$ cat work-v5.cif   # mmCIF, C-alpha atoms
data_protein
#
loop_
_atom_site.label_atom_id
_atom_site.label_comp_id
_atom_site.auth_asym_id
_atom_site.auth_seq_id
_atom_site.Cartn_x
_atom_site.Cartn_y
_atom_site.Cartn_z
CA MET A 1 0.03 7.55 -20.03
CA ILE A 2 -0.26 5.61 -16.79
CA GLU A 3 0.13 8.79 -14.72
CA VAL A 4 -2.80 10.41 -16.55
CA TYR A 5 -4.91 7.33 -16.00
CA VAL A 6 -4.00 7.04 -12.33
CA SER A 7 -5.01 10.67 -11.92
CA MET A 8 -8.35 9.99 -13.69
CA ILE A 9 -9.24 7.01 -11.52
CA TYR A 10 -8.17 8.84 -8.40
CA THR A 11 -10.30 11.93 -9.03
CA THR A 12 -13.29 9.86 -10.19
CA TYR A 13 -13.50 7.94 -6.94
CA MET A 14 -12.56 10.71 -4.56
CA ASP A 15 -16.14 11.81 -3.93
CA ASN A 16 -17.64 8.35 -3.48
CA ASN A 17 -17.49 5.73 -0.73
CA GLU A 18 -15.21 7.02 2.02
CA LYS A 19 -13.71 3.69 3.11
CA PHE A 20 -13.10 2.62 -0.47
CA ASN A 21 -11.54 6.00 -1.20
CA ASN A 22 -9.24 5.75 1.79
CA GLN A 23 -7.96 2.36 0.67
CA LEU A 24 -7.61 3.54 -2.90
CA ARG A 25 -5.87 6.72 -1.81
CA LYS A 26 -3.46 4.75 0.38
CA GLY A 27 -2.68 2.43 -2.51
CA PHE A 28 -1.95 5.26 -4.92
CA PHE A 29 0.21 7.09 -2.38
CA GLU A 30 2.16 3.90 -1.78
CA LEU A 31 2.68 3.46 -5.51
CA ALA A 32 3.76 7.10 -5.96
CA ILE A 33 6.21 6.85 -3.04
CA LEU A 34 7.67 3.58 -4.31
CA MET A 35 8.13 5.08 -7.78
CA MET A 36 9.98 8.04 -6.29
CA LEU A 37 12.16 5.75 -4.18
CA ALA A 38 12.94 3.64 -7.25
CA LYS A 39 14.93 6.63 -8.52
CA LYS A 40 16.96 7.23 -5.34
CA PRO A 41 16.79 6.86 -1.53
CA MET A 42 14.89 9.78 0.02
CA TYR A 43 13.83 11.04 3.46
CA GLY A 44 10.31 11.95 4.66
CA TYR A 45 10.47 15.71 4.08
CA GLU A 46 11.97 15.22 0.61
CA LEU A 47 9.25 12.73 -0.34
CA THR A 48 6.48 15.04 0.91
CA LYS A 49 7.93 17.89 -1.14
CA GLY A 50 8.09 15.66 -4.21
CA LEU A 51 4.47 14.56 -3.79
CA LYS A 52 3.33 18.15 -3.33
CA GLU A 53 4.67 19.00 -6.78
CA SER A 54 1.77 17.01 -8.19
CA GLU A 55 -1.73 18.29 -7.47
CA VAL A 56 -3.16 14.77 -7.33
CA PHE A 57 -0.73 13.49 -4.73
CA SER A 58 -0.45 16.60 -2.58
CA ILE A 59 -0.18 15.39 1.00
CA ALA A 60 -0.42 17.15 4.37
CA ASP A 61 2.89 17.61 6.18
CA GLY A 62 3.44 14.65 8.49
CA ALA A 63 0.87 12.40 6.80
CA ILE A 64 3.57 10.50 4.95
CA TYR A 65 5.03 8.85 8.07
CA PRO A 66 2.27 6.30 8.74
CA ILE A 67 2.43 5.32 5.03
CA LEU A 68 6.21 4.93 5.20
CA LYS A 69 5.80 2.83 8.34
CA ARG A 70 3.46 0.49 6.46
CA LEU A 71 5.77 0.21 3.44
CA THR A 72 8.69 -0.60 5.75
CA ALA A 73 6.77 -3.11 7.87
CA ASN A 74 5.52 -4.88 4.74
CA GLY A 75 9.07 -5.27 3.43
CA PHE A 76 8.81 -2.99 0.39
CA VAL A 77 11.37 -0.46 1.62
CA ASP A 78 14.36 -0.45 3.92
CA THR A 79 15.68 2.36 6.09
CA TYR A 80 19.03 3.72 7.16
CA THR A 81 20.08 6.83 9.05
CA GLU A 82 22.71 9.46 8.30
CA GLU A 83 23.89 12.42 10.31
CA HIS A 84 22.76 15.75 8.89
CA ASP A 85 23.46 19.11 10.59
CA GLY A 86 23.95 17.35 13.93
CA ARG A 87 20.71 15.38 13.80
CA SER A 88 19.96 11.92 12.50
CA ARG A 89 18.06 11.68 9.23
CA LYS A 90 16.15 8.55 8.26
CA TYR A 91 16.36 7.57 4.59
CA TYR A 92 14.07 5.15 2.79
CA LYS A 93 15.40 2.84 0.11
CA ILE A 94 13.32 0.61 -2.15
CA LYS A 95 13.79 -3.16 -1.85
CA GLY A 96 13.37 -5.85 -4.51
CA GLU A 97 9.85 -6.57 -3.22
CA GLY A 98 8.96 -2.90 -3.71
CA LYS A 99 10.17 -2.94 -7.31
CA LYS A 100 8.15 -6.08 -7.90
CA LEU A 101 5.04 -4.39 -6.48
CA ILE A 102 5.47 -1.40 -8.83
CA LYS A 103 5.62 -3.80 -11.79
CA GLU A 104 2.51 -5.64 -10.61
CA ILE A 105 0.44 -2.46 -10.04
CA LYS A 106 1.58 -1.00 -13.34
CA GLY A 107 0.49 -4.21 -15.06
CA ASP A 108 -2.93 -4.07 -13.35
CA LEU A 109 -3.42 -0.43 -14.32
CA GLU A 110 -2.45 -1.11 -17.92
CA PHE A 111 -4.88 -4.00 -17.99
CA LEU A 112 -7.67 -1.78 -16.62
CA TYR A 113 -6.82 1.00 -19.05
CA ASN A 114 -6.88 -1.37 -22.04
CA PHE A 115 -10.13 -2.91 -20.80
CA PHE A 116 -11.90 0.48 -20.69
CA VAL A 117 -10.36 1.74 -23.91
CA LYS A 118 -11.74 -1.33 -25.70
CA PHE A 119 -15.29 -0.12 -24.99
CA GLU A 120 -14.62 3.57 -25.59
CA GLY A 121 -16.07 3.57 -29.11
CA ASP A 122 -19.31 1.85 -28.00
CA GLU A 123 -20.67 4.90 -26.09
CA MET B 1 -3.79 24.98 24.14
CA LYS B 2 -2.43 25.94 20.73
CA VAL B 3 1.02 24.59 20.02
CA GLN B 4 3.40 27.40 19.07
CA THR B 5 6.89 25.92 18.97
CA ILE B 6 8.53 22.83 17.55
CA SER B 7 9.64 21.61 20.98
CA GLU B 8 6.07 21.95 22.31
CA TYR B 9 4.79 20.00 19.31
CA LEU B 10 7.34 17.22 19.79
CA MET B 11 6.65 16.98 23.53
CA LEU B 12 2.93 16.68 22.93
CA LEU B 13 3.40 14.10 20.19
CA GLU B 14 5.72 12.05 22.39
CA GLY B 15 3.08 12.02 25.13
CA LEU B 16 0.43 10.87 22.67
CA LEU B 17 2.63 8.05 21.36
CA GLN B 18 3.23 6.51 24.81
CA LYS B 19 1.65 3.25 23.65
CA LEU B 20 4.51 2.63 21.24
CA PRO B 21 7.69 0.88 22.36
CA LYS B 22 10.34 3.40 23.44
CA GLY B 23 12.64 2.73 20.47
CA ASP B 24 9.88 3.16 17.88
CA ARG B 25 8.59 6.27 19.62
CA GLU B 26 12.02 7.89 19.64
CA LEU B 27 12.51 7.13 15.94
CA GLN B 28 9.12 8.64 15.06
CA ILE B 29 9.86 11.77 17.06
CA ALA B 30 13.36 12.13 15.54
CA GLU B 31 11.87 11.85 12.05
CA VAL B 32 9.18 14.45 12.68
CA LYS B 33 11.76 16.74 14.29
CA ASP B 34 13.99 16.48 11.20
CA HIS B 35 10.99 17.30 8.98
CA LEU B 36 9.99 20.37 11.02
CA LEU B 37 13.54 21.72 11.25
CA GLN B 38 14.13 21.23 7.52
CA SER B 39 10.84 23.05 6.76
CA LEU B 40 11.98 25.87 9.00
CA LEU B 41 15.21 26.21 7.00
CA ASP B 42 13.65 25.84 3.52
CA ASP B 43 10.36 27.71 3.86
CA GLN B 44 11.61 30.75 5.80
CA LYS B 45 8.47 30.74 7.95
CA SER B 46 7.97 31.04 11.69
CA GLU B 47 7.76 27.94 13.90
CA GLY B 48 4.05 28.64 14.44
CA GLU B 49 3.38 28.72 10.69
CA ILE B 50 5.38 25.54 10.09
CA ILE B 51 3.40 23.76 12.80
CA SER B 52 0.05 25.00 11.54
CA ASN B 53 0.85 23.46 8.12
CA PHE B 54 1.74 20.17 9.79
CA LEU B 55 -0.83 17.59 10.94
CA SER B 56 -1.84 18.32 14.54
CA PRO B 57 -0.12 16.09 17.17
CA GLU B 58 -3.49 14.43 17.87
CA GLU B 59 -4.16 13.69 14.19
CA LEU B 60 -0.65 12.43 13.50
CA SER B 61 -0.55 10.23 16.61
CA ASN B 62 -3.98 8.80 15.70
CA ARG B 63 -2.77 7.91 12.22
CA ILE B 64 0.48 6.40 13.49
CA LEU B 65 -1.24 4.36 16.21
CA SER B 66 -3.96 3.11 13.88
CA GLU B 67 -1.26 2.07 11.41
CA TYR B 68 0.45 0.10 14.18
CA ASN B 69 -2.87 -1.45 15.15
CA GLU B 70 -3.52 -2.50 11.56
CA LEU B 71 -0.04 -3.97 11.25
CA TYR B 72 0.39 -5.64 14.63
CA GLY B 73 -3.09 -5.76 16.21
CA SER B 74 -4.65 -3.52 18.83
CA ASP B 75 -2.51 -4.82 21.69
CA SER B 76 0.69 -2.78 21.83
CA THR B 77 2.42 -5.70 23.58
CA SER B 78 2.17 -7.66 20.36
CA LEU B 79 4.53 -5.24 18.60
CA PRO B 80 7.54 -7.01 17.06
CA HIS B 81 10.10 -5.57 19.52
CA THR B 82 8.03 -6.56 22.53
CA LYS B 83 7.47 -10.01 21.05
CA GLN B 84 11.20 -10.47 20.54
CA ARG B 85 11.93 -9.28 24.08
CA LYS B 86 9.30 -11.68 25.47
CA SER B 87 10.68 -14.68 23.58
CA LYS B 88 14.23 -13.83 24.75
CA LEU B 89 12.98 -13.74 28.34
CA LYS B 90 11.28 -17.11 27.84
CA ILE B 91 14.51 -18.66 26.53
CA ALA B 92 16.50 -17.21 29.46
CA LEU B 93 13.96 -18.58 31.92
CA ILE B 94 14.09 -22.06 30.37
CA ILE B 95 17.93 -22.04 30.53
CA ILE B 96 17.84 -21.00 34.22
CA ILE B 97 15.33 -23.75 35.06
CA VAL B 98 17.39 -26.40 33.21
CA LEU B 99 20.59 -25.29 35.00
CA LEU B 100 18.77 -25.34 38.33
CA VAL B 101 17.50 -28.88 37.72
CA ILE B 102 21.02 -30.07 36.74
CA TRP B 103 22.47 -28.43 39.86
CA VAL B 104 19.87 -30.05 42.14
CA LEU B 105 20.38 -33.49 40.51
CA LEU B 106 24.15 -33.23 40.89
CA PHE B 107 23.89 -32.42 44.56
CA TRP B 108 21.32 -35.10 45.14
CA GLY B 109 23.58 -37.62 43.34
CA LEU B 110 26.60 -36.63 45.40
CA PHE B 111 24.60 -36.81 48.61
CA THR B 112 23.23 -40.31 47.92
CA PHE B 113 26.65 -41.51 46.74
CA ASN B 114 28.28 -40.34 49.97
CA LYS B 115 25.50 -41.90 52.01
CA GLN B 116 25.94 -45.29 50.30
CA GLU B 117 29.71 -45.26 50.81
CA GLY B 118 29.28 -44.33 54.46
CA ASN B 119 31.24 -41.23 53.75
CA ASN B 120 30.15 -38.06 55.44
CA GLY B 121 31.84 -35.91 52.85
CA GLY B 122 33.38 -32.54 53.32
CA VAL B 123 31.53 -31.84 56.58
CA VAL B 124 33.52 -34.48 58.47
CA ILE B 125 36.78 -33.29 56.98
CA ILE B 126 36.08 -29.72 58.08
CA GLU B 127 35.06 -30.93 61.55
CA GLU B 128 38.25 -32.97 61.75
CA ILE B 129 40.35 -29.99 60.75
CA ILE B 130 38.65 -27.82 63.38
CA GLU B 131 39.19 -30.48 66.06
CA GLU B 132 42.88 -30.67 65.19
#
$ encode --input "work-v5.cif" --output "structure tokens"
Amino acid sequence: MIEVYVSMIYTTYMDNNEKFNNQLRKGFFELAILMMLAKKPMYGYELTKGLKESEVFSIADGAIYPILKRLTANGFVDTYTEEHDGRSRKYYKIKGEGKKLIKEIKGDLEFLYNFFVKFEGDE
Amino acid sequence: MKVQTISEYLMLLEGLLQKLPKGDRELQIAEVKDHLLQSLLDDQKSEGEIISNFLSPEELSNRILSEYNELYGSDSTSLPHTKQRKSKLKIALIIIIVLLVIWVLLFWGLFTFNKQEGNNGGVVIIEEIIEE
């Protein structure tokens, strides 16, 4: 349910105010990444591939790294490296603060959804 | 110049990220390198095709640098690593100054003590030894 609603809000605002859209887009990407990391630790390429599976969150190759930097710097995810085929691979792992943020955003979205649904019959 | 190979891409990106501290820059480059090499393995495409699907070095460096600016301010010297290094230097400098002051005070104390006692200290002893 929430995924459908996120997709609706996202597409509705995509064509409007550019700055607002950028912030909104960043926020939704952060949420999507955190939700993926809540399942298991992942690396940049793996996350990009996962996001590309959804049309709404399709992201250009490489664009995920600045977002991951922000999530790390803000204390929502942690990183560690592992050797893979002779090169080091950086993994991202969700922290308690990240899980808390998912809960908060989900709560906000549910509140918004319920708020709009309340007035649906009045149209 | 159009970038054709992964190594060209990484070299260009590294040059564009010069403002970042060395450690951060190396980590960013290593991460992008891992991404490009994994794409090469999984997608069965040429290096040129992989790179053309990736953000251009200019675009990616712009996004990374603006993210750093948003997080730490526009001055690259205010990045956390640089800040830590600066505060460590400050502490080291304070310790050196304190040690220097103690050293000077000790010598001054010894000198005045010897003067009061009419003792000429080690200098006389050495002179005496030489005379002998």
$ residues_around --input "work-v5.cif" --residues "Pro66 in chain A" --least-positions-apart "5" --cutoff "9 Å" --atoms "all atoms listed in the file" --output "PDB file with C-alpha atoms, in the frame of the given file"
ATOM      1  CA  LEU A  71       5.770   0.210   3.440  1.00  0.00           C
TER       2      LEU A  71
ATOM      3  CA  LEU B  60      -0.650  12.430  13.500  1.00  0.00           C
ATOM      4  CA  ARG B  63      -2.770   7.910  12.220  1.00  0.00           C
ATOM      5  CA  ILE B  64       0.480   6.400  13.490  1.00  0.00           C
ATOM      6  CA  LEU B  65      -1.240   4.360  16.210  1.00  0.00           C
ATOM      7  CA  SER B  66      -3.960   3.110  13.880  1.00  0.00           C
ATOM      8  CA  GLU B  67      -1.260   2.070  11.410  1.00  0.00           C
ATOM      9  CA  TYR B  68       0.450   0.100  14.180  1.00  0.00           C
TER      10      TYR B  68
END
$ closest_atom_pairs --input "work-v5.cif" --of "chain B" --to "chain A" --cutoff "8 Å" --atoms "all atoms listed in the file" --output "CSV"
residue,atom,partner,partner_atom,distance
B:Ala30,CA,A:Ser88,CA,7.3
B:Glu31,CA,A:Lys90,CA,6.6
B:Val32,CA,A:Gly62,CA,7.1
B:Asp34,CA,A:Arg89,CA,6.6
B:His35,CA,A:Tyr45,CA,5.2
B:Gln38,CA,A:Tyr45,CA,7.5
B:Ser39,CA,A:Tyr45,CA,7.8
B:Asn53,CA,A:Asp61,CA,6.5
B:Phe54,CA,A:Asp61,CA,4.6
B:Leu55,CA,A:Gly62,CA,5.7
B:Leu60,CA,A:Gly62,CA,6.8
B:Arg63,CA,A:Pro66,CA,6.3
B:Ile64,CA,A:Pro66,CA,5.1
B:Glu67,CA,A:Pro66,CA,6.1
B:Leu71,CA,A:Arg70,CA,7.4
$ atom_distance --input "work-v5.cif" --atom1 "CA of Leu51 in chain A" --atom2 "CA of Gly75 in chain A"
21.6 Å
$ atom_distance --input "work-v5.cif" --atom1 "CA of Lys39 in chain A" --atom2 "CA of Glu26 in chain B"
28.3 Å
$ atom_distance --input "work-v5.cif" --atom1 "CA of Lys52 in chain A" --atom2 "CA of Gln44 in chain B"
17.6 Å
